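Chemist: Just so it is clear, I am handing over run_8.pdb, which has PDB, C-alpha atoms and all ligand atoms.
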```pdb
ATOM      1  CA  MET A   1     -65.203   4.423  -4.747  1.00  0.00           C
ATOM      2  CA  LYS A   2     -62.313   2.058  -4.689  1.00  0.00           C
ATOM      3  CA  LEU A   3     -59.239   2.428  -2.515  1.00  0.00           C
ATOM      4  CA  THR A   4     -56.138   0.343  -3.201  1.00  0.00           C
ATOM      5  CA  VAL A   5     -53.313   0.293  -0.672  1.00  0.00           C
ATOM      6  CA  VAL A   6     -50.205   0.701  -2.844  1.00  0.00           C
ATOM      7  CA  TYR A   7     -47.570   0.844  -0.110  1.00  0.00           C
ATOM      8  CA  ASP A   8     -47.564   0.128   3.599  1.00  0.00           C
ATOM      9  CA  ASN A   9     -45.420  -1.213   6.427  1.00  0.00           C
ATOM     10  CA  GLU A  10     -46.925  -4.600   5.522  1.00  0.00           C
ATOM     11  CA  ALA A  11     -47.716  -6.042   2.124  1.00  0.00           C
ATOM     12  CA  ASP A  12     -49.250  -8.975   0.265  1.00  0.00           C
ATOM     13  CA  ILE A  13     -46.819 -11.466  -1.244  1.00  0.00           C
ATOM     14  CA  GLY A  14     -45.134 -10.061  -4.351  1.00  0.00           C
ATOM     15  CA  LEU A  15     -45.251  -6.435  -3.218  1.00  0.00           C
ATOM     16  CA  LYS A  16     -42.620  -4.298  -1.536  1.00  0.00           C
ATOM     17  CA  SER A  17     -43.235  -3.168   2.010  1.00  0.00           C
ATOM     18  CA  GLY A  18     -41.484  -0.810   4.380  1.00  0.00           C
ATOM     19  CA  TRP A  19     -42.105   2.131   6.650  1.00  0.00           C
ATOM     20  CA  GLY A  20     -44.427   4.384   4.657  1.00  0.00           C
ATOM     21  CA  PHE A  21     -47.824   4.758   3.073  1.00  0.00           C
ATOM     22  CA  SER A  22     -49.467   5.271  -0.302  1.00  0.00           C
ATOM     23  CA  CYS A  23     -52.930   4.499  -1.630  1.00  0.00           C
ATOM     24  CA  LEU A  24     -54.904   5.024  -4.813  1.00  0.00           C
ATOM     25  CA  VAL A  25     -58.391   6.470  -4.448  1.00  0.00           C
ATOM     26  CA  GLU A  26     -60.585   5.929  -7.488  1.00  0.00           C
ATOM     27  CA  ALA A  27     -63.644   8.152  -7.433  1.00  0.00           C
ATOM     28  CA  SER A  28     -64.535  10.271 -10.490  1.00  0.00           C
ATOM     29  CA  GLU A  29     -60.807  10.784 -10.840  1.00  0.00           C
ATOM     30  CA  ARG A  30     -57.795   8.656  -9.958  1.00  0.00           C
ATOM     31  CA  LEU A  31     -56.005  10.162  -6.984  1.00  0.00           C
ATOM     32  CA  LEU A  32     -52.759   8.936  -5.503  1.00  0.00           C
ATOM     33  CA  PHE A  33     -52.606   9.811  -1.825  1.00  0.00           C
ATOM     34  CA  ASP A  34     -48.975   9.779  -0.640  1.00  0.00           C
ATOM     35  CA  THR A  35     -46.137   8.039  -2.419  1.00  0.00           C
ATOM     36  CA  GLY A  36     -44.305   5.899   0.144  1.00  0.00           C
ATOM     37  CA  PRO A  37     -40.601   6.294   0.930  1.00  0.00           C
ATOM     38  CA  LYS A  38     -38.918   5.337  -2.369  1.00  0.00           C
ATOM     39  CA  GLY A  39     -39.680   5.901  -6.026  1.00  0.00           C
ATOM     40  CA  ASP A  40     -38.511   2.500  -7.234  1.00  0.00           C
ATOM     41  CA  GLU A  41     -40.636   0.686  -4.658  1.00  0.00           C
ATOM     42  CA  LEU A  42     -43.681   2.841  -5.416  1.00  0.00           C
ATOM     43  CA  LEU A  43     -43.386   2.218  -9.151  1.00  0.00           C
ATOM     44  CA  PHE A  44     -42.761  -1.493  -8.572  1.00  0.00           C
ATOM     45  CA  ASN A  45     -45.927  -1.898  -6.503  1.00  0.00           C
ATOM     46  CA  MET A  46     -47.944   0.203  -8.941  1.00  0.00           C
ATOM     47  CA  LYS A  47     -46.822  -2.054 -11.767  1.00  0.00           C
ATOM     48  CA  GLN A  48     -47.738  -5.194  -9.824  1.00  0.00           C
ATOM     49  CA  LEU A  49     -51.158  -3.685  -9.106  1.00  0.00           C
ATOM     50  CA  ASN A  50     -51.666  -2.632 -12.751  1.00  0.00           C
ATOM     51  CA  ILE A  51     -51.733   1.058 -11.919  1.00  0.00           C
ATOM     52  CA  GLU A  52     -50.416   3.032 -14.864  1.00  0.00           C
ATOM     53  CA  ALA A  53     -48.483   6.108 -13.650  1.00  0.00           C
ATOM     54  CA  LYS A  54     -49.918   8.247 -16.424  1.00  0.00           C
ATOM     55  CA  SER A  55     -53.471   7.288 -15.495  1.00  0.00           C
ATOM     56  CA  ILE A  56     -53.209   9.231 -12.238  1.00  0.00           C
ATOM     57  CA  ASP A  57     -55.060  12.552 -12.340  1.00  0.00           C
ATOM     58  CA  LYS A  58     -53.830  14.077  -9.109  1.00  0.00           C
ATOM     59  CA  VAL A  59     -51.356  13.359  -6.332  1.00  0.00           C
ATOM     60  CA  ILE A  60     -52.027  14.452  -2.780  1.00  0.00           C
ATOM     61  CA  ILE A  61     -49.170  14.550  -0.289  1.00  0.00           C
ATOM     62  CA  SER A  62     -50.464  14.359   3.286  1.00  0.00           C
ATOM     63  CA  HIS A  63     -47.330  15.836   4.839  1.00  0.00           C
ATOM     64  CA  GLU A  64     -43.683  16.415   4.107  1.00  0.00           C
ATOM     65  CA  HIS A  65     -42.204  13.327   5.713  1.00  0.00           C
ATOM     66  CA  TRP A  66     -39.935  11.063   3.651  1.00  0.00           C
ATOM     67  CA  ASP A  67     -42.139   8.027   4.177  1.00  0.00           C
ATOM     68  CA  HIS A  68     -45.020   9.833   2.400  1.00  0.00           C
ATOM     69  CA  ASN A  69     -43.332  12.036  -0.211  1.00  0.00           C
ATOM     70  CA  GLY A  70     -40.238   9.916  -1.031  1.00  0.00           C
ATOM     71  CA  GLY A  71     -41.748   8.445  -4.190  1.00  0.00           C
ATOM     72  CA  LEU A  72     -43.069  11.715  -5.616  1.00  0.00           C
ATOM     73  CA  GLU A  73     -40.027  12.672  -7.670  1.00  0.00           C
ATOM     74  CA  ALA A  74     -39.861   9.334  -9.478  1.00  0.00           C
ATOM     75  CA  LEU A  75     -43.551   9.556 -10.282  1.00  0.00           C
ATOM     76  CA  THR A  76     -43.429  13.106 -11.626  1.00  0.00           C
ATOM     77  CA  GLU A  77     -40.409  12.191 -13.753  1.00  0.00           C
ATOM     78  CA  ILE A  78     -42.647   9.773 -15.636  1.00  0.00           C
ATOM     79  CA  HIS A  79     -45.814  11.841 -15.372  1.00  0.00           C
ATOM     80  CA  SER A  80     -44.752  15.476 -15.346  1.00  0.00           C
ATOM     81  CA  LYS A  81     -48.255  16.855 -15.979  1.00  0.00           C
ATOM     82  CA  VAL A  82     -49.833  15.375 -12.876  1.00  0.00           C
ATOM     83  CA  ARG A  83     -51.235  17.968 -10.489  1.00  0.00           C
ATOM     84  CA  VAL A  84     -49.733  17.744  -7.001  1.00  0.00           C
ATOM     85  CA  PHE A  85     -51.518  18.965  -3.880  1.00  0.00           C
ATOM     86  CA  LYS A  86     -49.125  19.506  -0.987  1.00  0.00           C
ATOM     87  CA  PRO A  87     -50.476  20.399   2.457  1.00  0.00           C
ATOM     88  CA  ASP A  88     -49.979  24.107   1.808  1.00  0.00           C
ATOM     89  CA  SER A  89     -51.741  23.938  -1.592  1.00  0.00           C
ATOM     90  CA  CYS A  90     -55.057  24.002   0.265  1.00  0.00           C
ATOM     91  CA  SER A  91     -56.459  26.344   2.891  1.00  0.00           C
ATOM     92  CA  GLY A  92     -59.320  25.002   4.927  1.00  0.00           C
ATOM     93  CA  LEU A  93     -61.672  22.386   3.520  1.00  0.00           C
ATOM     94  CA  THR A  94     -60.841  22.248  -0.195  1.00  0.00           C
ATOM     95  CA  GLN A  95     -62.524  20.360  -3.006  1.00  0.00           C
ATOM     96  CA  ILE A  96     -59.786  18.432  -4.795  1.00  0.00           C
ATOM     97  CA  SER A  97     -61.931  16.374  -7.117  1.00  0.00           C
ATOM     98  CA  PRO A  98     -65.688  15.675  -7.408  1.00  0.00           C
ATOM     99  CA  GLY A  99     -66.690  14.008  -4.132  1.00  0.00           C
ATOM    100  CA  VAL A 100     -63.230  14.371  -2.625  1.00  0.00           C
ATOM    101  CA  ARG A 101     -62.067  17.086  -0.255  1.00  0.00           C
ATOM    102  CA  SER A 102     -58.905  17.865   1.641  1.00  0.00           C
ATOM    103  CA  THR A 103     -59.297  18.777   5.298  1.00  0.00           C
ATOM    104  CA  GLY A 104     -56.819  21.532   4.483  1.00  0.00           C
ATOM    105  CA  PRO A 105     -53.607  21.849   6.457  1.00  0.00           C
ATOM    106  CA  LEU A 106     -54.008  20.964  10.133  1.00  0.00           C
ATOM    107  CA  GLU A 107     -51.338  21.716  12.716  1.00  0.00           C
ATOM    108  CA  GLY A 108     -49.510  18.889  14.444  1.00  0.00           C
ATOM    109  CA  ALA A 109     -45.888  17.850  14.890  1.00  0.00           C
ATOM    110  CA  VAL A 110     -45.955  18.689  11.192  1.00  0.00           C
ATOM    111  CA  ILE A 111     -48.625  20.320   8.980  1.00  0.00           C
ATOM    112  CA  GLU A 112     -50.779  17.585   7.485  1.00  0.00           C
ATOM    113  CA  GLN A 113     -53.866  17.220   5.302  1.00  0.00           C
ATOM    114  CA  SER A 114     -56.222  14.264   5.074  1.00  0.00           C
ATOM    115  CA  LEU A 115     -58.817  13.271   2.475  1.00  0.00           C
ATOM    116  CA  ILE A 116     -62.576  13.097   2.923  1.00  0.00           C
ATOM    117  CA  VAL A 117     -64.094  10.895   0.224  1.00  0.00           C
ATOM    118  CA  GLU A 118     -67.863  10.754  -0.290  1.00  0.00           C
ATOM    119  CA  THR A 119     -69.487   7.346  -0.786  1.00  0.00           C
ATOM    120  CA  GLY A 120     -73.044   6.027  -0.729  1.00  0.00           C
ATOM    121  CA  LYS A 121     -72.530   4.929   2.867  1.00  0.00           C
ATOM    122  CA  GLY A 122     -71.050   8.147   4.214  1.00  0.00           C
ATOM    123  CA  SER A 123     -67.602   9.623   3.943  1.00  0.00           C
ATOM    124  CA  ILE A 124     -64.302   7.818   4.244  1.00  0.00           C
ATOM    125  CA  VAL A 125     -61.468   9.709   5.873  1.00  0.00           C
ATOM    126  CA  VAL A 126     -58.000   8.814   4.570  1.00  0.00           C
ATOM    127  CA  THR A 127     -54.992   9.801   6.684  1.00  0.00           C
ATOM    128  CA  GLY A 128     -51.226   9.704   6.194  1.00  0.00           C
ATOM    129  CA  CYS A 129     -49.852   9.678   9.747  1.00  0.00           C
ATOM    130  CA  ALA A 130     -52.586  11.739  11.475  1.00  0.00           C
ATOM    131  CA  HIS A 131     -49.951  13.859  13.245  1.00  0.00           C
ATOM    132  CA  PRO A 132     -52.540  16.607  14.026  1.00  0.00           C
ATOM    133  CA  GLY A 133     -54.481  13.974  16.003  1.00  0.00           C
ATOM    134  CA  LEU A 134     -57.040  11.674  14.415  1.00  0.00           C
ATOM    135  CA  GLU A 135     -59.764  13.153  16.649  1.00  0.00           C
ATOM    136  CA  ASN A 136     -59.084  16.621  15.169  1.00  0.00           C
ATOM    137  CA  ILE A 137     -59.153  15.244  11.630  1.00  0.00           C
ATOM    138  CA  LEU A 138     -62.476  13.482  12.272  1.00  0.00           C
ATOM    139  CA  GLU A 139     -63.870  16.680  13.767  1.00  0.00           C
ATOM    140  CA  LYS A 140     -63.076  18.468  10.507  1.00  0.00           C
ATOM    141  CA  ALA A 141     -64.964  15.804   8.527  1.00  0.00           C
ATOM    142  CA  ARG A 142     -68.032  15.445  10.772  1.00  0.00           C
ATOM    143  CA  PRO A 143     -69.910  18.601   9.676  1.00  0.00           C
ATOM    144  CA  LEU A 144     -69.952  17.195   6.116  1.00  0.00           C
ATOM    145  CA  GLY A 145     -72.119  14.258   7.185  1.00  0.00           C
ATOM    146  CA  LYS A 146     -71.804  10.760   8.501  1.00  0.00           C
ATOM    147  CA  ILE A 147     -68.328   9.254   8.614  1.00  0.00           C
ATOM    148  CA  TYR A 148     -68.562   5.681   7.377  1.00  0.00           C
ATOM    149  CA  GLY A 149     -64.897   4.741   7.479  1.00  0.00           C
ATOM    150  CA  VAL A 150     -61.375   5.788   8.346  1.00  0.00           C
ATOM    151  CA  VAL A 151     -58.255   4.396   6.685  1.00  0.00           C
ATOM    152  CA  GLY A 152     -54.536   5.090   7.075  1.00  0.00           C
ATOM    153  CA  GLY A 153     -51.909   5.819   9.695  1.00  0.00           C
ATOM    154  CA  PHE A 154     -53.341   6.879  13.067  1.00  0.00           C
ATOM    155  CA  HIS A 155     -49.911   7.409  14.667  1.00  0.00           C
ATOM    156  CA  GLY A 156     -50.233   8.092  18.434  1.00  0.00           C
ATOM    157  CA  PHE A 157     -54.060   8.185  18.451  1.00  0.00           C
ATOM    158  CA  ALA A 158     -55.345   7.014  21.832  1.00  0.00           C
ATOM    159  CA  LYS A 159     -58.829   8.522  22.311  1.00  0.00           C
ATOM    160  CA  LEU A 160     -60.405   5.374  20.935  1.00  0.00           C
ATOM    161  CA  GLN A 161     -63.981   6.376  21.819  1.00  0.00           C
ATOM    162  CA  GLU A 162     -63.745   8.975  19.025  1.00  0.00           C
ATOM    163  CA  LEU A 163     -64.192   6.021  16.651  1.00  0.00           C
ATOM    164  CA  ASP A 164     -67.657   5.197  18.057  1.00  0.00           C
ATOM    165  CA  GLY A 165     -70.219   4.956  15.269  1.00  0.00           C
ATOM    166  CA  ILE A 166     -67.657   4.477  12.489  1.00  0.00           C
ATOM    167  CA  GLU A 167     -68.417   1.253  10.640  1.00  0.00           C
ATOM    168  CA  MET A 168     -65.100   0.573   8.949  1.00  0.00           C
ATOM    169  CA  ILE A 169     -61.883   1.204  10.837  1.00  0.00           C
ATOM    170  CA  ALA A 170     -58.731   0.339   8.900  1.00  0.00           C
ATOM    171  CA  PRO A 171     -55.605   1.494  10.739  1.00  0.00           C
ATOM    172  CA  CYS A 172     -52.255   0.739   9.149  1.00  0.00           C
ATOM    173  CA  HIS A 173     -48.756   2.222   8.661  1.00  0.00           C
ATOM    174  CA  CYS A 174     -47.693   3.978  11.901  1.00  0.00           C
ATOM    175  CA  THR A 175     -50.761   3.231  14.080  1.00  0.00           C
ATOM    176  CA  LYS A 176     -49.512   2.481  17.581  1.00  0.00           C
ATOM    177  CA  ALA A 177     -52.832   1.389  19.108  1.00  0.00           C
ATOM    178  CA  LYS A 178     -53.771  -1.113  16.383  1.00  0.00           C
ATOM    179  CA  LYS A 179     -54.222  -3.963  18.875  1.00  0.00           C
ATOM    180  CA  GLU A 180     -56.363  -1.872  21.224  1.00  0.00           C
ATOM    181  CA  ILE A 181     -58.503  -0.616  18.333  1.00  0.00           C
ATOM    182  CA  ARG A 182     -59.072  -4.174  17.136  1.00  0.00           C
ATOM    183  CA  GLN A 183     -60.047  -5.252  20.657  1.00  0.00           C
ATOM    184  CA  LYS A 184     -62.492  -2.378  21.160  1.00  0.00           C
ATOM    185  CA  TYR A 185     -64.042  -2.532  17.662  1.00  0.00           C
ATOM    186  CA  PRO A 186     -63.673  -6.156  16.507  1.00  0.00           C
ATOM    187  CA  SER A 187     -66.451  -6.089  13.905  1.00  0.00           C
ATOM    188  CA  GLN A 188     -65.556  -2.655  12.514  1.00  0.00           C
ATOM    189  CA  PHE A 189     -61.805  -3.354  12.411  1.00  0.00           C
ATOM    190  CA  ARG A 190     -60.366  -4.067   8.991  1.00  0.00           C
ATOM    191  CA  GLU A 191     -56.822  -5.358   8.628  1.00  0.00           C
ATOM    192  CA  ILE A 192     -55.158  -3.777   5.592  1.00  0.00           C
ATOM    193  CA  LYS A 193     -51.770  -3.804   3.937  1.00  0.00           C
ATOM    194  CA  ALA A 194     -50.292  -3.073   0.513  1.00  0.00           C
ATOM    195  CA  GLY A 195     -52.245  -4.930  -2.168  1.00  0.00           C
ATOM    196  CA  ASN A 196     -55.581  -4.755  -0.330  1.00  0.00           C
ATOM    197  CA  ILE A 197     -58.628  -3.080  -1.836  1.00  0.00           C
ATOM    198  CA  ILE A 198     -61.541  -1.401  -0.099  1.00  0.00           C
ATOM    199  CA  GLU A 199     -64.574  -0.919  -2.308  1.00  0.00           C
ATOM    200  CA  VAL A 200     -67.652   1.019  -1.267  1.00  0.00           C
ATOM    201  CA  SER A 201     -70.687   1.703  -3.452  1.00  0.00           C
ATOM    202  CA  ASP A 202     -71.109   5.324  -4.582  1.00  0.00           C
TER     203      ASP A 202
HETATM  204 ZN    ZN B   1     -45.723   8.157   8.182  1.00  0.00          ZN
HETATM  205 ZN    ZN B   2     -45.289  11.434   9.423  1.00  0.00          ZN
END
```
Before anything else, please render the file you have as structure tokens.
Ligand SMILES: [Zn+2]
Ligand SMILES: [Zn+2]

Modeler:
Amino acid sequence: MKLTVVYDNEADIGLKSGWGFSCLVEASERLLFDTGPKGDELLFNMKQLNIEAKSIDKVIISHEHWDHNGGLEALTEIHSKVRVFKPDSCSGLTQISPGVRSTGPLEGAVIEQSLIVETGKGSIVVTGCAHPGLENILEKARPLGKIYGVVGGFHGFAKLQELDGIEMIAPCHCTKAKKEIRQKYPSQFREIKAGNIIEVSD
């Protein structure tokens, strides 16, 4: 599985950045998880990263905040057939694509879903803002087997010990405790921003 960060608060040279998040998960299908704040910026970064809008099989919106769903309209204007999974499209753990599940809607400041992607090393949990609490999201994923990695916005997450045993920790976007996480897990910590790719064998 290959995960490409399409949009983030920080970006590689040549890409747009701003408050928001979007990533492409390539497993058996091509899934766009969140769409950043603005359509033009999303489409610009996708073009720079050679991601054809029409090649996307499904779009998953983690939660209805502008910095995650702002680019959706522009994308569906170009690619009207794409299937969109909003948080209330799922109830409980839901298979979205082979090897990829949604946690289903979890309650927080806002209803939010996260992705659980199977890889040869364990699952990778992908979050938007983690408003329901990263620890609650991880708890939802644990019964499915070992969690190898976690990627995305961790928002106000502070119970750092919940990350014990996770081999790849890649907080970005709205994560407040990024510095503390890096200090506590220096070898597991992975700095990511728009343009970066995480590849894990199937
Ligand atoms: Zn956010
Ligand atoms: Zn949010």

Chemist: Using all atoms listed in the file, which protein or nucleic acid residues come within 10 Å of A:Lys159? Drop anything in the same chain fewer than 6 positions from it, and give the result as a PyMOL selection string.

Modeler: chain A and resi 133-135+177+181

Chemist: What does the list of residues within 9 Å of ligand ZN 2 (chain B) look like if you count all atoms listed in the file, written as an NGL selection string?

Modeler: :A and (20 or 62-68 or 109-110 or 112 or 128-131 or 153 or 155 or 174)

Chemist: Once the PyMOL selection byres (((chain A and resi 122-125) around 8) and not hetatm) has been evaluated on this model, what residues remain selected, and can you format them as a list in words?

Modeler: Ser114, Leu115, Ile116, Val117, Glu118, Thr119, Gly120, Lys121, Val126, Thr127, Leu138, Ala141, Gly145, Lys146, Ile147, Tyr148, Gly149, Val150 and Val151 of chain A

Chemist: Kindly resolve the PyMOL selection byres (((chain A and resi 54-56) around 7) and not hetatm) on the present coordinates and return the residues as a ChimeraX atom specification.

Modeler: /A:30-32,52-53,57-58,79

Chemist: Write a file of the selected residues as a PDB file, in the coordinates of the input, keeping C-alpha atoms.

Modeler:
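Written file, again-v7.pdb:
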```pdb
ATOM      1  CA  ARG A  30     -57.795   8.656  -9.958  1.00  0.00           C
ATOM      2  CA  LEU A  31     -56.005  10.162  -6.984  1.00  0.00           C
ATOM      3  CA  LEU A  32     -52.759   8.936  -5.503  1.00  0.00           C
ATOM      4  CA  GLU A  52     -50.416   3.032 -14.864  1.00  0.00           C
ATOM      5  CA  ALA A  53     -48.483   6.108 -13.650  1.00  0.00           C
ATOM      6  CA  ASP A  57     -55.060  12.552 -12.340  1.00  0.00           C
ATOM      7  CA  LYS A  58     -53.830  14.077  -9.109  1.00  0.00           C
ATOM      8  CA  HIS A  79     -45.814  11.841 -15.372  1.00  0.00           C
TER       9      HIS A  79
END
```

Chemist: Nearest to A:Ala11: which of A:Asn196, A:Thr35, A:Ser91, A:Asn50 is it, counting all atoms listed in the file?

Modeler: A:Asn196

Chemist: Would you list the contacts of A:Gly156 as a PyMOL selection string, taking every protein, DNA or RNA residue within 7 Å and counting all atoms listed in the file, but skipping same-chain residues closer than 2 positions in sequence?

Modeler: chain A and resi 154+158+175-176

Chemist: Would you pick out the contacts of A:Ile61 at 7 Å or less, using all atoms listed in the file, so that residues sharing its chain but fewer than 5 positions from it are not included, and give the list as a list in words?

Modeler: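 So the residues in contact are Phe33, Asp34, His68, Asn69, Phe85, Lys86 and Pro87 of chain A.
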
Chemist: Considering all atoms listed in the file, state which residue in the set A:Glu26, A:Leu42, A:Asn136, A:Leu15 is at the smallest distance from A:Glu199.

Modeler: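 Among the listed residues, A:Glu26 lies closest to A:Glu199.
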
Chemist: Counting all atoms listed in the file, figure out which residue out of A:Ile137, A:Ile78, A:Gly36, A:Glu29 gets nearest to ligand ZN 1 (chain B).

Modeler: A:Gly36

Chemist: Work out how far apart atom CA of A:Leu163 and atom CA of A:Ile96 are and give it in Å to one decimal.

Modeler: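 Interatomic distance, atom CA of A:Leu163 to atom CA of A:Ile96: 25.2 Å.
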
Chemist: At a cut-off of 7 Å, using all atoms listed in the file, what residues contact A:Arg190? Leave out same-chain residues fewer than 2 positions from it and give the result as a short mmCIF file (atom, residue, chain, number, x, y, z; two decimals) with C-alpha atoms, in the frame of the given file.

Modeler:
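The resulting file, part_34.cif, is shown below:
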```
data_model
loop_
_atom_site.label_atom_id
_atom_site.label_comp_id
_atom_site.auth_asym_id
_atom_site.auth_seq_id
_atom_site.Cartn_x
_atom_site.Cartn_y
_atom_site.Cartn_z
CA MET A 168 -65.10 0.57 8.95
CA ILE A 169 -61.88 1.20 10.84
CA ALA A 170 -58.73 0.34 8.90
CA GLN A 188 -65.56 -2.66 12.51
CA ILE A 192 -55.16 -3.78 5.59
#
```

Chemist: Exactly which residues make up the result of the PyMOL selection byres (((chain A and resi 74) around 10) and not hetatm) on this file, given as a PyMOL selection string?

Modeler: chain A and resi 35+38-43+70-73+75-80

Chemist: Using all atoms listed in the file, which of the listed residues (A:Lys179, A:Ile60, A:Pro143, A:Phe21) sits closest to A:Pro105?

Modeler: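 Smallest separation from A:Pro105 among the options: A:Ile60.
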
Chemist: Using only C-alpha atoms for the distances, tell me which of A:Lys140, A:Phe189, A:Gly92, A:His173 is nearest to A:Trp19.

Modeler: A:His173

Chemist: For a test of reading the model, state the distance in Å between atom CA of A:Glu162 and atom CA of A:Thr103, rounded to one decimal.

Modeler: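 A separation of 17.4 Å between them.
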
Chemist: Please compute the atom CA of A:Arg182-atom CA of A:Ser17 distance, one decimal, in Å.

Modeler: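 Atom CA of A:Ser17 lies at a distance of 21.9 Å from atom CA of A:Arg182.
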
Chemist: Taking all atoms listed in the file into account, name the residue in A:Pro37, A:Lys184, A:Lys2, A:Asn45 that is nearest to ligand ZN 1 (chain B).

Modeler: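 Between A:Pro37, A:Lys184, A:Lys2, A:Asn45, the residue approaching ligand ZN 1 (chain B) most closely is A:Pro37.
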